[in-house]
>>> print(open('coords.tsv').read())   # TSV, C-alpha atoms and all ligand atoms
chain	number	residue	atom	x	y	z
A	1424	MET	CA	-53.20	193.06	99.34
A	1425	ASN	CA	-56.46	191.19	99.88
A	1426	THR	CA	-57.20	189.70	96.46
A	1427	THR	CA	-59.53	186.93	97.64
A	1428	ASN	CA	-62.46	186.62	95.28
A	1429	LYS	CA	-61.71	189.89	93.50
A	1430	LEU	CA	-62.78	190.17	89.87
A	1431	ALA	CA	-61.33	192.80	87.53
A	1432	ILE	CA	-62.16	193.83	84.00
A	1433	VAL	CA	-59.44	195.43	81.90
A	1434	THR	CA	-60.44	197.06	78.60
A	1435	GLY	CA	-57.95	196.77	75.77
A	1436	GLY	CA	-56.38	193.92	77.73
A	1437	GLY	CA	-55.31	191.94	74.67
A	1438	SER	CA	-52.12	193.91	74.06
A	1439	GLY	CA	-49.65	196.50	75.30
A	1440	ILE	CA	-50.34	198.20	78.60
A	1441	GLY	CA	-53.71	196.47	79.13
A	1442	LEU	CA	-52.14	193.02	78.87
A	1443	ALA	CA	-49.40	194.02	81.33
A	1444	ILE	CA	-52.06	195.23	83.79
A	1445	ALA	CA	-53.92	191.92	83.40
A	1446	GLU	CA	-50.65	190.03	84.01
A	1447	ALA	CA	-50.00	191.98	87.22
A	1448	PHE	CA	-53.56	191.27	88.43
A	1449	VAL	CA	-53.49	187.55	87.59
A	1450	ARG	CA	-50.09	187.14	89.26
A	1451	ASN	CA	-51.68	188.56	92.42
A	1452	GLY	CA	-54.69	186.23	92.32
A	1453	ILE	CA	-57.21	188.70	90.87
A	1454	TYR	CA	-59.51	186.93	88.39
A	1455	THR	CA	-59.23	189.14	85.30
A	1456	ILE	CA	-61.49	189.51	82.26
A	1457	ILE	CA	-59.85	191.23	79.32
A	1458	ILE	CA	-62.05	193.09	76.85
A	1459	GLY	CA	-61.24	194.01	73.26
A	1460	ARG	CA	-62.39	193.90	69.66
A	1461	ASP	CA	-60.22	191.11	68.25
A	1462	GLU	CA	-61.43	187.71	69.51
A	1463	GLU	CA	-58.36	185.81	68.28
A	1464	LYS	CA	-55.95	188.27	69.91
A	1465	LEU	CA	-57.91	188.11	73.18
A	1466	ARG	CA	-57.87	184.32	73.17
A	1467	ARG	CA	-54.11	184.24	72.69
A	1468	ALA	CA	-53.68	186.78	75.53
A	1469	CYS	CA	-55.95	184.70	77.76
A	1470	GLN	CA	-53.85	181.57	77.13
A	1471	GLN	CA	-50.79	183.58	78.12
A	1472	LEU	CA	-52.54	184.81	81.29
A	1473	GLY	CA	-53.63	181.33	82.37
A	1474	ALA	CA	-56.53	179.89	84.35
A	1475	CYS	CA	-57.31	183.00	86.41
A	1476	SER	CA	-58.52	184.89	83.33
A	1477	ASP	CA	-61.25	185.11	80.73
A	1478	CYS	CA	-61.99	187.31	77.74
A	1479	TYR	CA	-65.00	189.10	76.26
A	1480	THR	CA	-65.16	190.48	72.73
A	1481	CYS	CA	-66.77	193.91	72.51
A	1482	ASP	CA	-66.23	197.05	70.46
A	1483	LEU	CA	-66.59	199.65	73.21
A	1484	SER	CA	-67.42	202.38	70.71
A	1485	ASP	CA	-70.75	200.54	70.31
A	1486	LEU	CA	-72.31	202.07	73.42
A	1487	GLN	CA	-75.42	199.88	73.32
A	1488	ALA	CA	-73.25	196.78	73.71
A	1489	ILE	CA	-71.82	197.98	77.04
A	1490	PRO	CA	-74.77	197.39	79.44
A	1491	VAL	CA	-75.38	193.98	77.80
A	1492	MET	CA	-71.72	193.02	78.34
A	1493	VAL	CA	-71.74	194.15	81.98
A	1494	GLN	CA	-74.92	192.15	82.69
A	1495	GLU	CA	-73.48	189.04	81.03
A	1496	ILE	CA	-70.25	189.28	83.05
A	1497	ILE	CA	-72.23	189.73	86.28
A	1498	GLN	CA	-74.51	186.78	85.44
A	1499	GLN	CA	-71.52	184.57	84.74
A	1500	HIS	CA	-69.14	185.72	87.49
A	1501	GLY	CA	-71.39	187.31	90.14
A	1502	HIS	CA	-69.57	190.59	90.74
A	1503	ILE	CA	-67.17	193.18	89.32
A	1504	ASP	CA	-64.79	194.71	91.88
A	1505	ILE	CA	-62.18	196.45	89.74
A	1506	LEU	CA	-62.52	198.22	86.38
A	1507	VAL	CA	-59.52	199.45	84.42
A	1508	ASN	CA	-60.46	201.78	81.57
A	1509	ASN	CA	-57.35	201.22	79.48
A	1510	ALA	CA	-58.62	200.85	75.88
A	1511	GLY	CA	-57.82	203.93	73.85
A	1512	ILE	CA	-57.06	205.12	70.35
A	1513	ASN	CA	-54.84	207.89	69.06
A	1514	MET	CA	-54.79	209.94	65.87
A	1515	LYS	CA	-51.84	212.02	64.72
A	1516	LYS	CA	-52.99	214.81	62.37
A	1517	SER	CA	-52.44	218.55	62.06
A	1518	PHE	CA	-54.98	220.54	64.05
A	1519	VAL	CA	-56.70	222.02	60.97
A	1520	ASP	CA	-56.99	218.66	59.18
A	1521	VAL	CA	-58.96	216.95	61.95
A	1522	THR	CA	-62.59	216.60	60.85
A	1523	ASP	CA	-65.55	216.68	63.21
A	1524	GLU	CA	-65.97	212.95	62.53
A	1525	ASP	CA	-62.31	212.27	63.42
A	1526	PHE	CA	-62.69	214.20	66.65
A	1527	GLN	CA	-65.93	212.45	67.61
A	1528	ALA	CA	-64.50	209.01	66.85
A	1529	ILE	CA	-61.65	209.51	69.31
A	1530	LEU	CA	-63.96	210.91	71.99
A	1531	GLN	CA	-66.43	208.04	71.48
A	1532	THR	CA	-63.83	205.38	72.42
A	1533	ASN	CA	-61.63	207.35	74.83
A	1534	VAL	CA	-64.32	209.24	76.77
A	1535	THR	CA	-67.95	208.28	76.10
A	1536	ALA	CA	-67.29	204.53	76.30
A	1537	VAL	CA	-65.28	205.05	79.51
A	1538	PHE	CA	-68.20	206.98	80.99
A	1539	ALA	CA	-70.81	204.41	79.88
A	1540	LEU	CA	-68.84	201.40	81.13
A	1541	SER	CA	-67.97	203.08	84.44
A	1542	ARG	CA	-71.63	204.02	84.96
A	1543	GLU	CA	-72.81	200.44	84.42
A	1544	VAL	CA	-70.13	198.99	86.72
A	1545	VAL	CA	-70.77	201.61	89.44
A	1546	LYS	CA	-74.56	200.95	89.28
A	1547	HIS	CA	-73.84	197.27	89.97
A	1548	GLN	CA	-71.39	198.12	92.77
A	1549	LEU	CA	-73.82	200.53	94.46
A	1550	GLU	CA	-76.71	198.05	94.22
A	1551	ASN	CA	-74.60	195.34	95.84
A	1552	GLY	CA	-72.63	197.40	98.36
A	1553	ILE	CA	-69.34	196.59	96.60
A	1554	LYS	CA	-66.48	198.88	97.58
A	1555	GLY	CA	-65.11	198.98	94.06
A	1556	VAL	CA	-62.10	200.51	92.39
A	1557	ILE	CA	-61.89	202.19	89.00
A	1558	ILE	CA	-58.59	203.11	87.38
A	1559	ASN	CA	-58.52	205.25	84.26
A	1560	ILE	CA	-55.56	205.55	81.92
A	1561	SER	CA	-54.79	209.05	80.69
A	1562	SER	CA	-51.53	210.28	79.11
A	1563	MET	CA	-48.76	212.89	79.06
A	1564	ALA	CA	-50.99	214.60	76.47
A	1565	SER	CA	-53.05	215.88	79.40
A	1566	GLN	CA	-50.00	216.94	81.45
A	1567	TYR	CA	-48.53	219.29	78.82
A	1568	GLY	CA	-49.15	220.30	75.20
A	1569	ILE	CA	-48.24	217.81	72.44
A	1570	PRO	CA	-48.81	218.98	68.85
A	1571	LYS	CA	-50.91	217.03	66.30
A	1572	VAL	CA	-52.98	215.05	68.81
A	1573	ILE	CA	-55.85	217.45	69.49
A	1574	ALA	CA	-58.66	214.90	69.91
A	1575	TYR	CA	-56.49	212.52	71.94
A	1576	THR	CA	-55.46	215.41	74.22
A	1577	ALA	CA	-59.09	216.50	74.69
A	1578	SER	CA	-60.05	212.92	75.52
A	1579	LYS	CA	-57.27	212.34	78.05
A	1580	SER	CA	-57.92	215.68	79.77
A	1581	ALA	CA	-61.58	214.66	80.06
A	1582	ILE	CA	-60.56	211.37	81.68
A	1583	GLU	CA	-58.63	213.21	84.38
A	1584	GLY	CA	-61.56	215.56	85.08
A	1585	MET	CA	-63.96	212.61	85.26
A	1586	THR	CA	-61.60	210.85	87.69
A	1587	LYS	CA	-61.83	213.78	90.13
A	1588	ALA	CA	-65.60	214.26	89.77
A	1589	MET	CA	-66.31	210.54	90.23
A	1590	ALA	CA	-63.91	210.26	93.18
A	1591	THR	CA	-65.76	213.05	94.96
A	1592	GLU	CA	-69.26	211.72	94.25
A	1593	LEU	CA	-68.50	208.05	94.93
A	1594	SER	CA	-66.18	208.24	97.97
A	1595	PRO	CA	-69.11	208.19	100.43
A	1596	TYR	CA	-70.00	204.75	99.04
A	1597	GLY	CA	-66.46	203.39	99.43
A	1598	ILE	CA	-65.74	203.40	95.69
A	1599	ARG	CA	-62.30	204.74	94.75
A	1600	ILE	CA	-61.46	206.28	91.37
A	1601	ASN	CA	-57.88	206.99	90.30
A	1602	CYS	CA	-55.97	207.65	87.14
A	1603	VAL	CA	-52.56	206.65	85.82
A	1604	ALA	CA	-50.88	208.95	83.30
A	1605	PRO	CA	-48.27	206.90	81.45
A	1606	GLY	CA	-45.27	208.58	79.90
A	1607	PHE	CA	-43.80	207.11	76.74
A	1608	ILE	CA	-44.22	203.34	77.08
A	1609	ALA	CA	-42.90	200.79	74.58
A	1610	THR	CA	-46.08	199.47	72.86
A	1611	ASP	CA	-47.56	199.32	69.34
A	1612	MET	CA	-49.28	202.68	69.96
A	1613	SER	CA	-46.08	204.52	70.87
A	1614	ALA	CA	-44.15	202.77	68.07
A	1615	LYS	CA	-46.70	204.16	65.57
A	1616	ALA	CA	-46.40	207.65	67.04
A	1617	LEU	CA	-42.61	207.75	67.47
A	1618	ASP	CA	-40.77	205.34	65.17
A	1619	ALA	CA	-41.60	207.16	61.93
A	1620	ASP	CA	-40.86	210.53	63.52
A	1621	PRO	CA	-37.28	210.56	64.91
A	1622	ASP	CA	-37.53	214.24	65.95
A	1623	ARG	CA	-40.57	213.50	68.10
A	1624	LYS	CA	-38.87	210.44	69.59
A	1625	SER	CA	-35.71	212.34	70.53
A	1626	LYS	CA	-37.84	215.16	71.97
A	1627	ALA	CA	-39.83	212.67	74.07
A	1628	LEU	CA	-36.69	210.96	75.35
A	1629	GLY	CA	-34.79	214.24	75.69
A	1630	ARG	CA	-37.23	215.48	78.29
A	1631	THR	CA	-37.43	212.14	80.12
A	1632	PRO	CA	-34.89	212.35	82.97
A	1633	MET	CA	-34.61	208.55	83.14
A	1634	GLY	CA	-33.63	208.61	79.44
A	1635	HIS	CA	-35.56	205.58	78.21
A	1636	LEU	CA	-39.09	204.44	77.36
A	1637	GLY	CA	-41.11	202.76	80.10
A	1638	GLN	CA	-42.25	199.16	79.91
A	1639	PRO	CA	-45.93	198.12	79.98
A	1640	ALA	CA	-45.17	196.25	83.24
A	1641	ASP	CA	-44.28	199.61	84.86
A	1642	ILE	CA	-47.89	200.68	84.34
A	1643	GLY	CA	-49.13	197.24	85.46
A	1644	ALA	CA	-47.35	197.65	88.80
A	1645	ALA	CA	-48.80	201.14	89.39
A	1646	VAL	CA	-52.33	200.04	88.52
A	1647	LEU	CA	-52.01	196.99	90.80
A	1648	PHE	CA	-51.01	199.32	93.65
A	1649	LEU	CA	-54.01	201.61	93.05
A	1650	ALA	CA	-56.34	198.60	92.82
A	1651	SER	CA	-55.03	197.13	96.08
A	1652	ASP	CA	-55.84	197.81	99.71
A	1653	ALA	CA	-52.39	199.41	99.99
A	1654	ALA	CA	-54.05	202.40	98.28
A	1655	LYS	CA	-57.23	202.30	100.40
A	1656	TYR	CA	-56.93	206.01	101.34
A	1657	VAL	CA	-56.04	207.11	97.78
A	1658	THR	CA	-58.72	208.48	95.49
A	1659	GLY	CA	-58.97	211.17	92.81
A	1660	VAL	CA	-55.25	211.17	92.00
A	1661	VAL	CA	-53.47	211.25	88.66
A	1662	LEU	CA	-50.31	209.17	89.11
A	1663	GLN	CA	-47.64	209.94	86.53
A	1664	VAL	CA	-45.63	206.85	85.63
A	1665	ASP	CA	-43.28	208.46	83.15
A	1666	GLY	CA	-39.60	208.33	84.14
A	1667	GLY	CA	-39.95	212.00	85.17
A	1668	ASN	CA	-41.14	213.07	81.70
A	1669	ALA	CA	-43.83	215.45	83.03
A	1670	VAL	CA	-41.29	217.35	85.13
A	1671	GLY	CA	-38.27	217.02	82.82
A	1672	PHE	CA	-36.47	220.18	81.70
B	1701	LIG	P1	-52.43	199.50	72.26
B	1701	LIG	O1	-52.90	200.04	70.95
B	1701	LIG	O2	-51.40	198.41	72.30
B	1701	LIG	O3	-53.66	198.99	73.13
B	1701	LIG	C1	-54.92	199.59	73.12
B	1701	LIG	C2	-55.92	198.48	73.25
B	1701	LIG	O4	-57.23	199.06	73.26
B	1701	LIG	C3	-55.85	197.51	72.07
B	1701	LIG	O5	-55.87	196.18	72.57
B	1701	LIG	C4	-57.11	197.83	71.30
B	1701	LIG	O6	-57.63	196.72	70.61
B	1701	LIG	C5	-58.05	198.28	72.42
B	1701	LIG	N1	-59.15	199.09	71.90
B	1701	LIG	C6	-59.06	200.24	71.18
B	1701	LIG	N2	-60.29	200.65	70.82
B	1701	LIG	C7	-61.17	199.75	71.32
B	1701	LIG	C8	-62.59	199.61	71.27
B	1701	LIG	N3	-63.36	200.48	70.61
B	1701	LIG	N4	-63.16	198.57	71.90
B	1701	LIG	C9	-62.39	197.66	72.55
B	1701	LIG	N5	-61.06	197.73	72.63
B	1701	LIG	C10	-60.45	198.76	72.01
B	1701	LIG	O7	-51.97	200.78	73.06
B	1701	LIG	P2	-51.27	200.96	74.48
B	1701	LIG	O8	-50.05	201.75	74.24
B	1701	LIG	O9	-51.19	199.68	75.23
B	1701	LIG	O10	-52.34	201.94	75.16
B	1701	LIG	C11	-53.16	201.59	76.25
B	1701	LIG	C12	-53.66	202.87	76.93
B	1701	LIG	O11	-52.54	203.61	77.41
B	1701	LIG	C13	-54.41	203.80	75.97
B	1701	LIG	O12	-55.50	204.38	76.64
B	1701	LIG	C14	-53.37	204.86	75.64
B	1701	LIG	O13	-53.98	206.08	75.30
B	1701	LIG	C15	-52.63	204.94	76.95
B	1701	LIG	N6	-51.27	205.50	76.82
B	1701	LIG	C16	-50.28	204.84	76.15
B	1701	LIG	C17	-49.00	205.41	76.07
B	1701	LIG	C18	-47.84	204.74	75.38
B	1701	LIG	O14	-46.76	205.34	75.32
B	1701	LIG	N7	-47.98	203.54	74.87
B	1701	LIG	C19	-48.76	206.65	76.67
B	1701	LIG	C20	-49.78	207.29	77.32
B	1701	LIG	C21	-51.03	206.70	77.40
>>> encode(input="coords.tsv", output="structure tokens", more="lines below")
Ligand code: NAD
Amino acid sequence: MNTTNKLAIVTGGGSGIGLAIAEAFVRNGIYTIIIGRDEEKLRRACQQLGACSDCYTCDLSDLQAIPVMVQEIIQQHGHIDILVNNAGINMKKSFVDVTDEDFQAILQTNVTAVFALSREVVKHQLENGIKGVIINISSMASQYGIPKVIAYTASKSAIEGMTKAMATELSPYGIRINCVAPGFIATDMSAKALDADPDRKSKALGRTPMGHLGQPADIGAAVLFLASDAAKYVTGVVLQVDGGNAVGF
């Protein structure tokens, strides 16, 4: 993989899957900027990542902050080659109890912010002839029906649709867009969803042929592949990294 002078931004890179993606990038010489809301958490993650990393504090649900952030990163670092739209939030509630505000809040972070950030990064890449890469993170919620996560499911299905539309429109400019759909991965988010609900946990594991949760590093490795030149003829795909969960009986 040619990682010389490549700069990546990873949203939600202070914890869980995002941090594992940043670790995989840094280990392969990709200068990586992690973005999140909690400055202290980001700083600790950056220390862990080492010299080839930096952090930027931004609440991505504040859409007006996104173009400002992208401009500041470009001014400071010159270019953005790789964007990983990893930040996401979940909400577990019965379908009829989800308010319009609840629904909008999930879509704002998981879809609208992904669109706005991708648009700003792609504008910069087109203006500068950068053959960039964008990787979106969706979920098993878009591969099959999971109860009590209606807004999350809508948001992750939207991400997969956007991946295909962007891949088609941006391929002529050498920009690749792909998506990773993680299965059940051991992070704070999955602990919240599964640990207090043993039935759900045994159902998730029961249909996972490999029989165990994935590790954040499993997603890091897949994202690194899609970001690298090894995947230079790959665009518009949704890569399931799920221990077979999406196909399990
Ligand atoms: P996590 O909660 O550990 O990490 C999510 C990160 O996103 C956090 O660092 C959080 O601060 C950040 N974030 C959330 N809203 C933000 C905002 N408005 N602005 C900036 N940062 C924000 O969760 P995770 O499990 O590591 O999830 C990462 C991604 O993987 C999410 O998109 C999630 O939907 C997806 N995913 C996770 C699993 C799983 O089993 N853990 C499965 C499928 C998909």
>>> residues_around(input="coords.tsv", residues="Gly1597 of chain A", least_positions_apart="2", cutoff="10 Å", atoms="only C-alpha atoms", output="number ranges by chain")
A: 1548-1549, 1552-1556, 1590, 1593-1595, 1599-1600, 1655
>>> axis_aligned_box(input="coords.tsv", around="segment 1439-1448 of chain A", padding_each_side="5 Å", output="lines of an AutoDock Vina configuration file")
center_x = -51.7
center_y = 194.1
center_z = 81.9
size_x = 14.5
size_y = 18.2
size_z = 23.1
>>> residues_near_ligand(input="coords.tsv", ligand="ligand LIG 1701 (chain B)", cutoff="9 Å", atoms="all atoms listed in the file", output="ChimeraX atom specification")
/A:1434-1443,1458-1461,1464-1465,1480-1485,1508-1513,1531-1533,1536,1559-1564,1575,1579,1603-1614,1616,1636-1639,1642,1665
>>> closest_residue(input="coords.tsv", among="A:Ile1573, A:Ala1627, A:Leu1649, A:Ile1457", to="Val1521 of chain A", atoms="all atoms listed in the file")
A:Ile1573
>>> atom_distance(input="coords.tsv", atom1="atom CA of Ile1456 of chain A", atom2="atom CA of Gly1501 of chain A")
12.8 Å
>>> closest_residue(input="coords.tsv", among="A:Ile1569, A:Ile1529, A:Ala1581, A:Val1664", to="Asp1641 of chain A", atoms="all atoms listed in the file")
A:Val1664
>>> closest_residue(input="coords.tsv", among="A:Glu1495, A:Asp1520, A:Glu1583, A:Asp1622", to="Lys1571 of chain A", atoms="all atoms listed in the file")
A:Asp1520
>>> atom_distance(input="coords.tsv", atom1="atom CA of Leu1540 of chain A", atom2="atom CA of Ile1598 of chain A")
15.0 Å
>>> closest_residue(input="coords.tsv", among="A:Thr1591, A:Asn1451, A:Ser1517, A:Thr1586", to="Gly1643 of chain A", atoms="all atoms listed in the file")
A:Asn1451
>>> atom_distance(input="coords.tsv", atom1="atom CA of Asn1601 of chain A", atom2="atom CA of Val1657 of chain A")
7.7 Å
>>> build_atoms(input="coords.tsv", residues="segment 1527-1549 of chain A", atoms="N, CA and C atoms", output="PDB file, keeping the file's coordinate frame")
ATOM      1  N   GLN A1527     -64.896 213.219  66.908  1.00  0.00           N
ATOM      2  CA  GLN A1527     -65.930 212.450  67.610  1.00  0.00           C
ATOM      3  C   GLN A1527     -65.539 210.999  67.788  1.00  0.00           C
ATOM      4  N   ALA A1528     -64.871 210.434  66.771  1.00  0.00           N
ATOM      5  CA  ALA A1528     -64.500 209.010  66.850  1.00  0.00           C
ATOM      6  C   ALA A1528     -63.536 208.764  68.007  1.00  0.00           C
ATOM      7  N   ILE A1529     -62.590 209.679  68.198  1.00  0.00           N
ATOM      8  CA  ILE A1529     -61.650 209.510  69.310  1.00  0.00           C
ATOM      9  C   ILE A1529     -62.386 209.669  70.649  1.00  0.00           C
ATOM     10  N   LEU A1530     -63.241 210.690  70.723  1.00  0.00           N
ATOM     11  CA  LEU A1530     -63.960 210.910  71.990  1.00  0.00           C
ATOM     12  C   LEU A1530     -64.899 209.738  72.308  1.00  0.00           C
ATOM     13  N   GLN A1531     -65.489 209.154  71.255  1.00  0.00           N
ATOM     14  CA  GLN A1531     -66.430 208.040  71.480  1.00  0.00           C
ATOM     15  C   GLN A1531     -65.749 206.882  72.230  1.00  0.00           C
ATOM     16  N   THR A1532     -64.542 206.504  71.771  1.00  0.00           N
ATOM     17  CA  THR A1532     -63.830 205.380  72.420  1.00  0.00           C
ATOM     18  C   THR A1532     -63.163 205.831  73.716  1.00  0.00           C
ATOM     19  N   ASN A1533     -62.491 206.976  73.689  1.00  0.00           N
ATOM     20  CA  ASN A1533     -61.630 207.350  74.830  1.00  0.00           C
ATOM     21  C   ASN A1533     -62.385 208.014  75.972  1.00  0.00           C
ATOM     22  N   VAL A1534     -63.587 208.555  75.694  1.00  0.00           N
ATOM     23  CA  VAL A1534     -64.320 209.240  76.770  1.00  0.00           C
ATOM     24  C   VAL A1534     -65.722 208.657  76.973  1.00  0.00           C
ATOM     25  N   THR A1535     -66.540 208.671  75.908  1.00  0.00           N
ATOM     26  CA  THR A1535     -67.950 208.280  76.100  1.00  0.00           C
ATOM     27  C   THR A1535     -68.055 206.818  76.532  1.00  0.00           C
ATOM     28  N   ALA A1536     -67.249 205.956  75.914  1.00  0.00           N
ATOM     29  CA  ALA A1536     -67.290 204.530  76.300  1.00  0.00           C
ATOM     30  C   ALA A1536     -66.794 204.341  77.725  1.00  0.00           C
ATOM     31  N   VAL A1537     -65.805 205.128  78.127  1.00  0.00           N
ATOM     32  CA  VAL A1537     -65.280 205.050  79.510  1.00  0.00           C
ATOM     33  C   VAL A1537     -66.378 205.461  80.491  1.00  0.00           C
ATOM     34  N   PHE A1538     -67.082 206.537  80.149  1.00  0.00           N
ATOM     35  CA  PHE A1538     -68.200 206.980  80.990  1.00  0.00           C
ATOM     36  C   PHE A1538     -69.269 205.885  81.076  1.00  0.00           C
ATOM     37  N   ALA A1539     -69.690 205.366  79.909  1.00  0.00           N
ATOM     38  CA  ALA A1539     -70.810 204.410  79.880  1.00  0.00           C
ATOM     39  C   ALA A1539     -70.452 203.119  80.630  1.00  0.00           C
ATOM     40  N   LEU A1540     -69.242 202.634  80.449  1.00  0.00           N
ATOM     41  CA  LEU A1540     -68.840 201.400  81.130  1.00  0.00           C
ATOM     42  C   LEU A1540     -68.705 201.641  82.644  1.00  0.00           C
ATOM     43  N   SER A1541     -68.110 202.773  83.009  1.00  0.00           N
ATOM     44  CA  SER A1541     -67.970 203.080  84.440  1.00  0.00           C
ATOM     45  C   SER A1541     -69.349 203.195  85.091  1.00  0.00           C
ATOM     46  N   ARG A1542     -70.268 203.866  84.396  1.00  0.00           N
ATOM     47  CA  ARG A1542     -71.630 204.020  84.960  1.00  0.00           C
ATOM     48  C   ARG A1542     -72.271 202.659  85.210  1.00  0.00           C
ATOM     49  N   GLU A1543     -72.177 201.749  84.249  1.00  0.00           N
ATOM     50  CA  GLU A1543     -72.810 200.440  84.420  1.00  0.00           C
ATOM     51  C   GLU A1543     -72.166 199.651  85.554  1.00  0.00           C
ATOM     52  N   VAL A1544     -70.836 199.726  85.657  1.00  0.00           N
ATOM     53  CA  VAL A1544     -70.130 198.990  86.720  1.00  0.00           C
ATOM     54  C   VAL A1544     -70.459 199.607  88.086  1.00  0.00           C
ATOM     55  N   VAL A1545     -70.481 200.941  88.157  1.00  0.00           N
ATOM     56  CA  VAL A1545     -70.770 201.610  89.440  1.00  0.00           C
ATOM     57  C   VAL A1545     -72.212 201.314  89.883  1.00  0.00           C
ATOM     58  N   LYS A1546     -73.161 201.295  88.934  1.00  0.00           N
ATOM     59  CA  LYS A1546     -74.560 200.950  89.280  1.00  0.00           C
ATOM     60  C   LYS A1546     -74.591 199.602  89.989  1.00  0.00           C
ATOM     61  N   HIS A1547     -73.901 198.621  89.403  1.00  0.00           N
ATOM     62  CA  HIS A1547     -73.840 197.270  89.970  1.00  0.00           C
ATOM     63  C   HIS A1547     -73.172 197.286  91.340  1.00  0.00           C
ATOM     64  N   GLN A1548     -72.106 198.075  91.489  1.00  0.00           N
ATOM     65  CA  GLN A1548     -71.390 198.120  92.770  1.00  0.00           C
ATOM     66  C   GLN A1548     -72.253 198.776  93.848  1.00  0.00           C
ATOM     67  N   LEU A1549     -72.958 199.854  93.477  1.00  0.00           N
ATOM     68  CA  LEU A1549     -73.820 200.530  94.460  1.00  0.00           C
ATOM     69  C   LEU A1549     -74.962 199.606  94.888  1.00  0.00           C
TER      70      LEU A1549
END
